[in-house]
$ cat query-v2.pdb   # PDB, C-alpha atoms and all ligand atoms
MODEL        1
ATOM      1  CA  MET A  24     -73.862 145.327  80.536  1.00  0.00           C
ATOM      2  CA  THR A  25     -73.417 141.734  81.473  1.00  0.00           C
ATOM      3  CA  ALA A  26     -74.728 139.297  78.891  1.00  0.00           C
ATOM      4  CA  THR A  27     -76.617 137.467  81.590  1.00  0.00           C
ATOM      5  CA  LEU A  28     -79.137 140.303  82.022  1.00  0.00           C
ATOM      6  CA  LEU A  29     -81.896 141.175  79.571  1.00  0.00           C
ATOM      7  CA  GLU A  30     -82.223 144.659  81.080  1.00  0.00           C
ATOM      8  CA  TYR A  31     -79.884 146.612  83.317  1.00  0.00           C
ATOM      9  CA  HIS A  32     -80.226 149.990  85.069  1.00  0.00           C
ATOM     10  CA  HIS A  33     -77.778 151.835  87.262  1.00  0.00           C
ATOM     11  CA  ALA A  34     -79.892 153.180  90.107  1.00  0.00           C
ATOM     12  CA  GLY A  35     -77.110 155.461  91.346  1.00  0.00           C
ATOM     13  CA  ASN A  36     -74.686 155.233  94.283  1.00  0.00           C
ATOM     14  CA  GLY A  37     -73.485 151.752  93.317  1.00  0.00           C
ATOM     15  CA  VAL A  38     -76.954 150.234  93.359  1.00  0.00           C
ATOM     16  CA  HIS A  39     -78.030 148.225  90.322  1.00  0.00           C
ATOM     17  CA  VAL A  40     -81.291 146.859  88.977  1.00  0.00           C
ATOM     18  CA  GLY A  41     -81.515 144.056  86.454  1.00  0.00           C
ATOM     19  CA  PHE A  42     -83.834 141.510  84.919  1.00  0.00           C
ATOM     20  CA  THR A  43     -82.556 138.097  83.878  1.00  0.00           C
ATOM     21  CA  SER A  44     -83.546 136.120  80.800  1.00  0.00           C
ATOM     22  CA  VAL A  45     -84.025 132.590  79.558  1.00  0.00           C
ATOM     23  CA  GLN A  46     -80.306 132.656  78.822  1.00  0.00           C
ATOM     24  CA  THR A  47     -79.629 133.014  82.560  1.00  0.00           C
ATOM     25  CA  GLY A  48     -81.720 129.880  83.019  1.00  0.00           C
ATOM     26  CA  ASN A  49     -84.458 128.901  85.416  1.00  0.00           C
ATOM     27  CA  LEU A  50     -83.822 130.270  88.919  1.00  0.00           C
ATOM     28  CA  ALA A  51     -86.779 128.660  90.704  1.00  0.00           C
ATOM     29  CA  LEU A  52     -86.630 125.710  93.085  1.00  0.00           C
ATOM     30  CA  HIS A  53     -90.400 125.346  93.360  1.00  0.00           C
ATOM     31  CA  LEU A  54     -91.613 124.299  89.892  1.00  0.00           C
ATOM     32  CA  GLU A  55     -94.299 121.676  89.776  1.00  0.00           C
ATOM     33  CA  GLY A  56     -92.783 118.235  89.276  1.00  0.00           C
ATOM     34  CA  GLN A  57     -89.258 119.659  89.338  1.00  0.00           C
ATOM     35  CA  THR A  58     -86.681 116.871  89.181  1.00  0.00           C
ATOM     36  CA  THR A  59     -83.503 116.612  91.240  1.00  0.00           C
ATOM     37  CA  ASP A  60     -81.530 117.446  88.093  1.00  0.00           C
ATOM     38  CA  SER A  61     -83.618 120.538  87.456  1.00  0.00           C
ATOM     39  CA  LEU A  62     -83.173 121.700  91.061  1.00  0.00           C
ATOM     40  CA  GLU A  63     -79.422 121.245  90.728  1.00  0.00           C
ATOM     41  CA  GLN A  64     -79.470 123.224  87.472  1.00  0.00           C
ATOM     42  CA  ALA A  65     -81.406 126.063  89.109  1.00  0.00           C
ATOM     43  CA  ARG A  66     -78.801 126.251  91.890  1.00  0.00           C
ATOM     44  CA  THR A  67     -76.072 126.327  89.241  1.00  0.00           C
ATOM     45  CA  HIS A  68     -77.898 129.128  87.405  1.00  0.00           C
ATOM     46  CA  ARG A  69     -78.182 131.128  90.639  1.00  0.00           C
ATOM     47  CA  ALA A  70     -74.474 130.680  91.354  1.00  0.00           C
ATOM     48  CA  ASP A  71     -73.444 131.527  87.769  1.00  0.00           C
ATOM     49  CA  LEU A  72     -75.578 134.670  87.892  1.00  0.00           C
ATOM     50  CA  GLU A  73     -73.984 135.762  91.167  1.00  0.00           C
ATOM     51  CA  ARG A  74     -70.483 135.185  89.773  1.00  0.00           C
ATOM     52  CA  ALA A  75     -71.372 137.214  86.674  1.00  0.00           C
ATOM     53  CA  LEU A  76     -72.520 140.101  88.893  1.00  0.00           C
ATOM     54  CA  ASP A  77     -69.503 139.775  91.193  1.00  0.00           C
ATOM     55  CA  LEU A  78     -71.654 138.738  94.162  1.00  0.00           C
ATOM     56  CA  SER A  79     -70.814 136.035  96.700  1.00  0.00           C
ATOM     57  CA  VAL A  80     -72.378 132.746  95.710  1.00  0.00           C
ATOM     58  CA  GLY A  81     -75.409 132.077  97.887  1.00  0.00           C
ATOM     59  CA  SER A  82     -75.719 135.669  99.132  1.00  0.00           C
ATOM     60  CA  THR A  83     -78.835 136.610  97.161  1.00  0.00           C
ATOM     61  CA  ALA A  84     -82.162 136.474  99.007  1.00  0.00           C
ATOM     62  CA  PHE A  85     -85.037 134.566  97.403  1.00  0.00           C
ATOM     63  CA  LEU A  86     -88.544 134.110  98.835  1.00  0.00           C
ATOM     64  CA  HIS A  87     -91.205 131.438  98.912  1.00  0.00           C
ATOM     65  CA  GLN A  88     -93.683 133.495  96.866  1.00  0.00           C
ATOM     66  CA  VAL A  89     -97.370 132.968  97.567  1.00  0.00           C
ATOM     67  CA  HIS A  90     -99.205 135.942  95.943  1.00  0.00           C
ATOM     68  CA  SER A  91     -99.538 137.744  99.275  1.00  0.00           C
ATOM     69  CA  ALA A  92     -98.898 141.309 100.398  1.00  0.00           C
ATOM     70  CA  THR A  93     -96.373 140.155 102.999  1.00  0.00           C
ATOM     71  CA  VAL A  94     -93.080 142.056 103.123  1.00  0.00           C
ATOM     72  CA  VAL A  95     -90.064 140.703 105.029  1.00  0.00           C
ATOM     73  CA  ASP A  96     -86.569 141.889 105.897  1.00  0.00           C
ATOM     74  CA  ALA A  97     -84.071 140.159 103.602  1.00  0.00           C
ATOM     75  CA  GLU A  98     -81.246 140.061 106.134  1.00  0.00           C
ATOM     76  CA  GLY A  99     -79.982 136.471 106.485  1.00  0.00           C
ATOM     77  CA  LEU A 100     -82.109 135.120 103.644  1.00  0.00           C
ATOM     78  CA  GLY A 101     -79.279 134.439 101.199  1.00  0.00           C
ATOM     79  CA  TRP A 102     -80.154 131.165  99.481  1.00  0.00           C
ATOM     80  CA  GLY A 103     -76.782 129.636 100.268  1.00  0.00           C
ATOM     81  CA  GLU A 104     -76.639 130.706 103.913  1.00  0.00           C
ATOM     82  CA  ALA A 105     -76.988 128.345 106.841  1.00  0.00           C
ATOM     83  CA  THR A 106     -80.714 128.959 107.035  1.00  0.00           C
ATOM     84  CA  ALA A 107     -81.128 127.978 103.377  1.00  0.00           C
ATOM     85  CA  SER A 108     -81.809 124.376 104.315  1.00  0.00           C
ATOM     86  CA  GLN A 109     -85.068 125.717 105.700  1.00  0.00           C
ATOM     87  CA  THR A 110     -87.771 126.976 103.378  1.00  0.00           C
ATOM     88  CA  PRO A 111     -87.473 130.723 102.764  1.00  0.00           C
ATOM     89  CA  PRO A 112     -90.284 132.768 104.314  1.00  0.00           C
ATOM     90  CA  ALA A 113     -93.646 132.862 102.564  1.00  0.00           C
ATOM     91  CA  ALA A 114     -93.758 136.457 101.340  1.00  0.00           C
ATOM     92  CA  ASP A 115     -93.927 138.441  98.114  1.00  0.00           C
ATOM     93  CA  ALA A 116     -91.721 141.384  98.848  1.00  0.00           C
ATOM     94  CA  MET A 117     -88.582 142.036 100.832  1.00  0.00           C
ATOM     95  CA  ILE A 118     -86.430 144.929 101.890  1.00  0.00           C
ATOM     96  CA  SER A 119     -82.701 145.294 102.429  1.00  0.00           C
ATOM     97  CA  ARG A 120     -81.833 148.202 104.718  1.00  0.00           C
ATOM     98  CA  GLY A 121     -78.781 149.835 103.225  1.00  0.00           C
ATOM     99  CA  GLY A 122     -79.046 147.541 100.212  1.00  0.00           C
ATOM    100  CA  GLY A 123     -76.369 145.166 101.471  1.00  0.00           C
ATOM    101  CA  THR A 124     -78.288 141.979 100.687  1.00  0.00           C
ATOM    102  CA  PRO A 125     -78.758 141.253  96.970  1.00  0.00           C
ATOM    103  CA  LEU A 126     -82.470 140.686  96.295  1.00  0.00           C
ATOM    104  CA  ALA A 127     -84.170 138.453  93.727  1.00  0.00           C
ATOM    105  CA  ILE A 128     -87.849 138.156  92.920  1.00  0.00           C
ATOM    106  CA  MET A 129     -88.965 135.365  90.568  1.00  0.00           C
ATOM    107  CA  VAL A 130     -91.588 135.765  87.869  1.00  0.00           C
ATOM    108  CA  ALA A 131     -92.989 134.375  84.625  1.00  0.00           C
ATOM    109  CA  ASP A 132     -95.786 136.813  83.592  1.00  0.00           C
ATOM    110  CA  CYS A 133     -96.339 138.490  86.993  1.00  0.00           C
ATOM    111  CA  LEU A 134     -94.625 141.845  87.528  1.00  0.00           C
ATOM    112  CA  PRO A 135     -91.170 141.973  89.085  1.00  0.00           C
ATOM    113  CA  VAL A 136     -90.749 145.383  90.726  1.00  0.00           C
ATOM    114  CA  ALA A 137     -87.465 146.699  92.123  1.00  0.00           C
ATOM    115  CA  PHE A 138     -87.264 149.704  94.456  1.00  0.00           C
ATOM    116  CA  VAL A 139     -84.379 151.914  95.524  1.00  0.00           C
ATOM    117  CA  THR A 140     -84.664 154.772  97.996  1.00  0.00           C
ATOM    118  CA  ARG A 141     -82.599 157.935  97.986  1.00  0.00           C
ATOM    119  CA  ASP A 142     -80.801 156.640 101.079  1.00  0.00           C
ATOM    120  CA  GLY A 143     -79.907 153.337  99.422  1.00  0.00           C
ATOM    121  CA  ASP A 144     -82.468 150.976 100.923  1.00  0.00           C
ATOM    122  CA  THR A 145     -83.629 148.418  98.360  1.00  0.00           C
ATOM    123  CA  ALA A 146     -86.692 146.244  97.861  1.00  0.00           C
ATOM    124  CA  VAL A 147     -88.281 143.855  95.394  1.00  0.00           C
ATOM    125  CA  ALA A 148     -91.886 142.791  94.986  1.00  0.00           C
ATOM    126  CA  HIS A 149     -93.776 140.068  93.143  1.00  0.00           C
ATOM    127  CA  ALA A 150     -96.923 141.757  91.883  1.00  0.00           C
ATOM    128  CA  GLY A 151     -99.305 139.619  89.903  1.00  0.00           C
ATOM    129  CA  ARG A 152    -103.043 140.073  89.747  1.00  0.00           C
ATOM    130  CA  VAL A 153    -103.643 138.745  93.260  1.00  0.00           C
ATOM    131  CA  GLY A 154    -100.694 140.591  94.775  1.00  0.00           C
ATOM    132  CA  LEU A 155    -101.657 143.888  93.182  1.00  0.00           C
ATOM    133  CA  VAL A 156    -105.198 143.624  94.496  1.00  0.00           C
ATOM    134  CA  SER A 157    -103.914 142.584  97.936  1.00  0.00           C
ATOM    135  CA  GLY A 158    -101.738 145.690  98.018  1.00  0.00           C
ATOM    136  CA  VAL A 159     -98.238 144.228  97.848  1.00  0.00           C
ATOM    137  CA  LEU A 160     -96.853 147.413  96.268  1.00  0.00           C
ATOM    138  CA  GLU A 161     -98.470 149.694  98.859  1.00  0.00           C
ATOM    139  CA  SER A 162     -97.168 147.427 101.650  1.00  0.00           C
ATOM    140  CA  THR A 163     -93.664 147.593 100.229  1.00  0.00           C
ATOM    141  CA  LEU A 164     -93.766 151.401 100.052  1.00  0.00           C
ATOM    142  CA  GLU A 165     -95.104 151.543 103.595  1.00  0.00           C
ATOM    143  CA  GLN A 166     -92.348 149.261 104.910  1.00  0.00           C
ATOM    144  CA  LEU A 167     -89.684 151.286 103.103  1.00  0.00           C
ATOM    145  CA  GLY A 168     -90.979 154.066 105.310  1.00  0.00           C
ATOM    146  CA  VAL A 169     -89.813 157.101 103.343  1.00  0.00           C
ATOM    147  CA  ASP A 170     -91.669 159.700 101.339  1.00  0.00           C
ATOM    148  CA  PRO A 171     -92.391 157.966  97.985  1.00  0.00           C
ATOM    149  CA  VAL A 172     -90.932 160.960  96.138  1.00  0.00           C
ATOM    150  CA  HIS A 173     -87.555 159.656  97.324  1.00  0.00           C
ATOM    151  CA  ILE A 174     -88.178 156.187  95.858  1.00  0.00           C
ATOM    152  CA  SER A 175     -87.436 154.966  92.334  1.00  0.00           C
ATOM    153  CA  ALA A 176     -89.067 151.819  90.982  1.00  0.00           C
ATOM    154  CA  TRP A 177     -88.444 149.623  87.959  1.00  0.00           C
ATOM    155  CA  ILE A 178     -91.249 147.439  86.612  1.00  0.00           C
ATOM    156  CA  GLY A 179     -89.694 144.569  84.684  1.00  0.00           C
ATOM    157  CA  PRO A 180     -90.933 142.325  81.866  1.00  0.00           C
ATOM    158  CA  ALA A 181     -94.489 141.061  82.472  1.00  0.00           C
ATOM    159  CA  ILE A 182     -97.495 139.947  80.471  1.00  0.00           C
ATOM    160  CA  CYS A 183     -98.967 143.004  78.736  1.00  0.00           C
ATOM    161  CA  GLY A 184    -102.470 144.422  78.555  1.00  0.00           C
ATOM    162  CA  SER A 185    -102.978 143.122  75.008  1.00  0.00           C
ATOM    163  CA  CYS A 186    -102.127 139.531  75.999  1.00  0.00           C
ATOM    164  CA  TYR A 187    -103.389 138.926  79.524  1.00  0.00           C
ATOM    165  CA  GLU A 188    -106.852 137.539  78.803  1.00  0.00           C
ATOM    166  CA  VAL A 189    -109.154 137.036  81.796  1.00  0.00           C
ATOM    167  CA  PRO A 190    -112.882 136.419  82.324  1.00  0.00           C
ATOM    168  CA  GLU A 191    -114.963 139.585  82.122  1.00  0.00           C
ATOM    169  CA  GLN A 192    -115.950 139.386  85.800  1.00  0.00           C
ATOM    170  CA  MET A 193    -112.301 139.164  86.832  1.00  0.00           C
ATOM    171  CA  ARG A 194    -111.419 142.172  84.726  1.00  0.00           C
ATOM    172  CA  ASP A 195    -114.209 144.157  86.324  1.00  0.00           C
ATOM    173  CA  ASP A 196    -113.255 143.062  89.838  1.00  0.00           C
ATOM    174  CA  VAL A 197    -109.628 144.109  89.404  1.00  0.00           C
ATOM    175  CA  ALA A 198    -110.610 147.342  87.641  1.00  0.00           C
ATOM    176  CA  GLY A 199    -112.776 148.110  90.660  1.00  0.00           C
ATOM    177  CA  VAL A 200    -109.581 148.350  92.680  1.00  0.00           C
ATOM    178  CA  HIS A 201    -107.179 149.580  89.988  1.00  0.00           C
ATOM    179  CA  SER A 202    -109.128 151.359  87.254  1.00  0.00           C
ATOM    180  CA  THR A 203    -106.224 151.519  84.789  1.00  0.00           C
ATOM    181  CA  ALA A 204    -105.942 147.702  84.857  1.00  0.00           C
ATOM    182  CA  ALA A 205    -108.976 147.323  82.577  1.00  0.00           C
ATOM    183  CA  SER A 206    -107.865 146.286  79.112  1.00  0.00           C
ATOM    184  CA  THR A 207    -108.770 144.358  75.977  1.00  0.00           C
ATOM    185  CA  THR A 208    -106.669 141.726  74.250  1.00  0.00           C
ATOM    186  CA  SER A 209    -105.423 142.284  70.709  1.00  0.00           C
ATOM    187  CA  TRP A 210    -108.116 139.746  69.719  1.00  0.00           C
ATOM    188  CA  GLY A 211    -110.884 141.746  71.421  1.00  0.00           C
ATOM    189  CA  THR A 212    -111.595 139.908  74.688  1.00  0.00           C
ATOM    190  CA  PRO A 213    -111.448 141.166  78.308  1.00  0.00           C
ATOM    191  CA  ALA A 214    -107.929 141.578  79.656  1.00  0.00           C
ATOM    192  CA  LEU A 215    -105.861 143.135  82.416  1.00  0.00           C
ATOM    193  CA  ASN A 216    -103.017 145.582  82.011  1.00  0.00           C
ATOM    194  CA  LEU A 217    -101.132 145.024  85.250  1.00  0.00           C
ATOM    195  CA  PRO A 218     -97.945 146.913  84.314  1.00  0.00           C
ATOM    196  CA  ARG A 219    -100.055 150.006  83.630  1.00  0.00           C
ATOM    197  CA  ALA A 220    -101.990 149.554  86.890  1.00  0.00           C
ATOM    198  CA  ALA A 221     -98.746 149.264  88.860  1.00  0.00           C
ATOM    199  CA  GLU A 222     -97.256 152.282  87.136  1.00  0.00           C
ATOM    200  CA  THR A 223    -100.379 154.346  87.865  1.00  0.00           C
ATOM    201  CA  LEU A 224    -100.439 153.323  91.515  1.00  0.00           C
ATOM    202  CA  LEU A 225     -96.763 154.122  92.085  1.00  0.00           C
ATOM    203  CA  THR A 226     -96.683 157.321  90.045  1.00  0.00           C
ATOM    204  CA  ARG A 227     -99.766 158.673  91.805  1.00  0.00           C
ATOM    205  CA  VAL A 228     -97.979 158.680  95.179  1.00  0.00           C
ATOM    206  CA  GLY A 229     -94.844 160.238  93.744  1.00  0.00           C
ATOM    207  CA  VAL A 230     -92.567 157.274  92.980  1.00  0.00           C
ATOM    208  CA  GLN A 231     -90.259 157.730  89.983  1.00  0.00           C
ATOM    209  CA  VAL A 232     -91.200 154.769  87.733  1.00  0.00           C
ATOM    210  CA  SER A 233     -89.468 153.078  84.794  1.00  0.00           C
ATOM    211  CA  ARG A 234     -91.339 150.352  82.992  1.00  0.00           C
ATOM    212  CA  SER A 235     -90.011 147.632  80.705  1.00  0.00           C
ATOM    213  CA  ALA A 236     -91.533 147.377  77.227  1.00  0.00           C
ATOM    214  CA  VAL A 237     -91.041 143.601  77.156  1.00  0.00           C
ATOM    215  CA  CYS A 238     -94.148 141.394  77.217  1.00  0.00           C
ATOM    216  CA  THR A 239     -93.367 137.945  78.588  1.00  0.00           C
ATOM    217  CA  LEU A 240     -96.006 136.215  76.490  1.00  0.00           C
ATOM    218  CA  GLU A 241     -94.724 137.732  73.240  1.00  0.00           C
ATOM    219  CA  ASP A 242     -90.981 137.644  73.885  1.00  0.00           C
ATOM    220  CA  ASP A 243     -89.333 134.246  74.259  1.00  0.00           C
ATOM    221  CA  ARG A 244     -86.175 135.731  75.771  1.00  0.00           C
ATOM    222  CA  VAL A 245     -88.039 135.511  79.085  1.00  0.00           C
ATOM    223  CA  PHE A 246     -90.130 132.795  80.740  1.00  0.00           C
ATOM    224  CA  SER A 247     -93.915 132.964  80.473  1.00  0.00           C
ATOM    225  CA  HIS A 248     -96.176 130.713  82.490  1.00  0.00           C
ATOM    226  CA  ARG A 249     -99.000 131.214  79.984  1.00  0.00           C
ATOM    227  CA  ARG A 250     -96.897 130.548  76.882  1.00  0.00           C
ATOM    228  CA  ALA A 251     -94.925 127.627  78.299  1.00  0.00           C
ATOM    229  CA  PRO A 252     -96.086 126.522  81.756  1.00  0.00           C
ATOM    230  CA  GLY A 253     -93.513 125.070  84.113  1.00  0.00           C
ATOM    231  CA  GLN A 254     -90.423 125.986  82.111  1.00  0.00           C
ATOM    232  CA  GLY A 255     -89.013 128.291  84.711  1.00  0.00           C
ATOM    233  CA  ARG A 256     -88.772 131.683  86.312  1.00  0.00           C
ATOM    234  CA  PHE A 257     -86.560 134.636  85.516  1.00  0.00           C
ATOM    235  CA  ALA A 258     -85.810 137.269  88.137  1.00  0.00           C
ATOM    236  CA  GLY A 259     -85.832 140.923  88.971  1.00  0.00           C
ATOM    237  CA  LEU A 260     -82.697 141.833  90.881  1.00  0.00           C
ATOM    238  CA  VAL A 261     -81.426 144.734  92.913  1.00  0.00           C
ATOM    239  CA  TRP A 262     -77.964 144.751  94.407  1.00  0.00           C
ATOM    240  CA  ARG A 263     -75.139 146.949  95.567  1.00  0.00           C
ATOM    241  CA  GLY A 264     -71.690 146.508  94.083  1.00  0.00           C
ATOM    242  CA  ASP A 265     -69.468 147.198  91.133  1.00  0.00           C
ATOM    243  CA  THR A 266     -71.113 147.979  87.826  1.00  0.00           C
ATOM    244  CA  PRO A 267     -71.436 144.700  85.925  1.00  0.00           C
ATOM    245  CA  ALA A 268     -68.911 144.225  83.127  1.00  0.00           C
TER
HETATM  246 ZN    ZN B 301     -98.240 141.027  75.167  1.00  0.00          ZN
ENDMDL
END

$ encode --input "query-v2.pdb" --output "structure tokens"
Amino acid sequence: MTATLLEYHHAGNGVHVGFTSVQTGNLALHLEGQTTDSLEQARTHRADLERALDLSVGSTAFLHQVHSATVVDAEGLGWGEATASQTPPAADAMISRGGGTPLAIMVADCLPVAFVTRDGDTAVAHAGRVGLVSGVLESTLEQLGVDPVHISAWIGPAICGSCYEVPEQMRDDVAGVHSTAASTTSWGTPALNLPRAAETLLTRVGVQVSRSAVCTLEDDRVFSHRRAPGQGRFAGLVWRGDTPA
């Protein structure tokens, strides 16, 4: 496994799923107050990551994530492609038919979810509290357009149900949509368990789910917006190619 990934999974048929770490560096170009130097560093981190995974520099698709349930086709969205001077589309999930476009979804407490179908289509989704309630995972499954029993999904590092403290009303509102999201922090206050809610939702329709045990708030190998706001985003990745060295 390449040292640049915190977690790596071979999804079969030359398709790979991985989650980056703080060591990979910040991959986001949208941080509040981000300086020119920091933007340049993020581009360097993206390029270094692609080289480490034996991908063409600039070929990986990134989105302008807005906590929506919008799913787009990733074709032509490589961050270094001609269209990259424009802002990437505002969306929170994307699909690559045939898996030919490497996909990246950026997170720092929200859930990064990677999908691979039996036929080799790939997808990623950014599923935080708002996205989960809006149905970003259901939209992604729908757009993949195959029986969910032929889809595998990997839920990456995210803030856990013992750490994600929210107001009681918010917990109840989310639990009204996703009952398994209701949780309590380790210090006894209302909380949300979004990884569990996502796993329940996907498993219920037949998706094969793997879930990371890493909590972003507790583990400083990954970025956490709650622990250290504005420091950066790590990414969930799915790509086709050689197995990383
Ligand atoms: Zn935790």

$ resolve_selection --input "query-v2.pdb" --expression "the PyMOL selection byres (((chain A and resi 150-155) around 7) and not hetatm)" --output "list of chain:residue names"
A:His90, A:Ser91, A:Ala92, A:Cys133, A:Leu134, A:Pro135, A:Ala148, A:His149, A:Val156, A:Ser157, A:Gly158, A:Val159, A:Leu160, A:Leu217

$ residues_near_ligand --input "query-v2.pdb" --ligand "ligand ZN 301 (chain B)" --cutoff "9 Å" --atoms "only C-alpha atoms and all ligand atoms" --output "PyMOL selection string"
chain A and resi 181-187+208-209+237-242

$ residues_near_point --input "query-v2.pdb" --point "(-83.1, 151.6, 93.9)" --cutoff "6 Å" --atoms "all atoms listed in the file" --output "PyMOL selection string"
chain A and resi 34+138-140+145+175

$ write_last_selection --input "query-v2.pdb" --atoms "C-alpha atoms" --output "mmCIF file, keeping the file's coordinate frame"
data_model
loop_
_atom_site.group_PDB
_atom_site.id
_atom_site.type_symbol
_atom_site.label_atom_id
_atom_site.label_comp_id
_atom_site.auth_asym_id
_atom_site.auth_seq_id
_atom_site.Cartn_x
_atom_site.Cartn_y
_atom_site.Cartn_z
ATOM 1 C CA ALA A 34 -79.892 153.180 90.107
ATOM 2 C CA PHE A 138 -87.264 149.704 94.456
ATOM 3 C CA VAL A 139 -84.379 151.914 95.524
ATOM 4 C CA THR A 140 -84.664 154.772 97.996
ATOM 5 C CA THR A 145 -83.629 148.418 98.360
ATOM 6 C CA SER A 175 -87.436 154.966 92.334
#

$ resolve_selection --input "query-v2.pdb" --expression "the PyMOL selection byres (((chain A and resi 171) around 9) and not hetatm)" --output "PDB file with C-alpha atoms, in the frame of the given file"
ATOM      1  CA  THR A 140     -84.664 154.772  97.996  1.00  0.00           C
ATOM      2  CA  LEU A 164     -93.766 151.401 100.052  1.00  0.00           C
ATOM      3  CA  GLU A 165     -95.104 151.543 103.595  1.00  0.00           C
ATOM      4  CA  LEU A 167     -89.684 151.286 103.103  1.00  0.00           C
ATOM      5  CA  GLY A 168     -90.979 154.066 105.310  1.00  0.00           C
ATOM      6  CA  VAL A 169     -89.813 157.101 103.343  1.00  0.00           C
ATOM      7  CA  ASP A 170     -91.669 159.700 101.339  1.00  0.00           C
ATOM      8  CA  VAL A 172     -90.932 160.960  96.138  1.00  0.00           C
ATOM      9  CA  HIS A 173     -87.555 159.656  97.324  1.00  0.00           C
ATOM     10  CA  ILE A 174     -88.178 156.187  95.858  1.00  0.00           C
ATOM     11  CA  SER A 175     -87.436 154.966  92.334  1.00  0.00           C
ATOM     12  CA  LEU A 225     -96.763 154.122  92.085  1.00  0.00           C
ATOM     13  CA  VAL A 228     -97.979 158.680  95.179  1.00  0.00           C
ATOM     14  CA  GLY A 229     -94.844 160.238  93.744  1.00  0.00           C
ATOM     15  CA  VAL A 230     -92.567 157.274  92.980  1.00  0.00           C
ATOM     16  CA  GLN A 231     -90.259 157.730  89.983  1.00  0.00           C
TER      17      GLN A 231
END

$ resolve_selection --input "query-v2.pdb" --expression "the PyMOL selection byres (((chain A and resi 198) around 12) and not hetatm)" --output "PyMOL selection string"
chain A and resi 152+155-156+189+191-197+199-206+213-217+219-220

$ closest_residue --input "query-v2.pdb" --among "A:Gly81, A:Ala268, A:Gly255, A:Asp142" --to "A:Gln64" --atoms "only C-alpha atoms"
A:Gly255

$ closest_residue --input "query-v2.pdb" --among "A:Leu86, A:Ala65, A:Val95, A:Leu29" --to "A:Leu50" --atoms "only C-alpha atoms"
A:Ala65

$ decode --input "query-v2.pdb" --residues "stretch 39-43 of chain A" --atoms "all heavy atoms" --output "short mmCIF file (atom, residue, chain, number, x, y, z; two decimals), in the first residue's frame"
data_model
loop_
_atom_site.label_atom_id
_atom_site.label_comp_id
_atom_site.auth_asym_id
_atom_site.auth_seq_id
_atom_site.Cartn_x
_atom_site.Cartn_y
_atom_site.Cartn_z
N HIS A 39 -9.66 0.64 -7.51
CA HIS A 39 -9.10 0.84 -6.17
C HIS A 39 -9.83 1.94 -5.43
O HIS A 39 -10.29 2.91 -6.02
CB HIS A 39 -7.62 1.22 -6.27
CG HIS A 39 -6.85 0.33 -7.20
ND1 HIS A 39 -6.37 -0.90 -6.85
CD2 HIS A 39 -6.55 0.48 -8.52
CE1 HIS A 39 -5.78 -1.47 -7.89
NE2 HIS A 39 -5.88 -0.65 -8.92
N VAL A 40 -9.89 1.78 -4.11
CA VAL A 40 -10.52 2.77 -3.24
C VAL A 40 -9.50 3.14 -2.18
O VAL A 40 -8.81 2.27 -1.64
CB VAL A 40 -11.79 2.18 -2.58
CG1 VAL A 40 -12.30 3.10 -1.47
CG2 VAL A 40 -12.88 1.95 -3.63
N GLY A 41 -9.38 4.43 -1.90
CA GLY A 41 -8.43 4.84 -0.87
C GLY A 41 -8.87 6.11 -0.17
O GLY A 41 -9.71 6.85 -0.68
N PHE A 42 -8.29 6.32 1.00
CA PHE A 42 -8.56 7.53 1.76
C PHE A 42 -7.22 8.14 2.14
O PHE A 42 -6.34 7.44 2.65
CB PHE A 42 -9.42 7.21 2.99
CG PHE A 42 -10.76 6.64 2.61
CD1 PHE A 42 -10.97 5.26 2.57
CD2 PHE A 42 -11.79 7.47 2.21
CE1 PHE A 42 -12.19 4.73 2.16
CE2 PHE A 42 -13.02 6.95 1.80
CZ PHE A 42 -13.22 5.57 1.77
N THR A 43 -7.06 9.42 1.84
CA THR A 43 -5.77 10.07 2.10
C THR A 43 -5.69 10.49 3.56
O THR A 43 -6.61 10.28 4.34
CB THR A 43 -5.56 11.28 1.17
OG1 THR A 43 -6.44 12.35 1.57
CG2 THR A 43 -5.79 10.93 -0.29
#
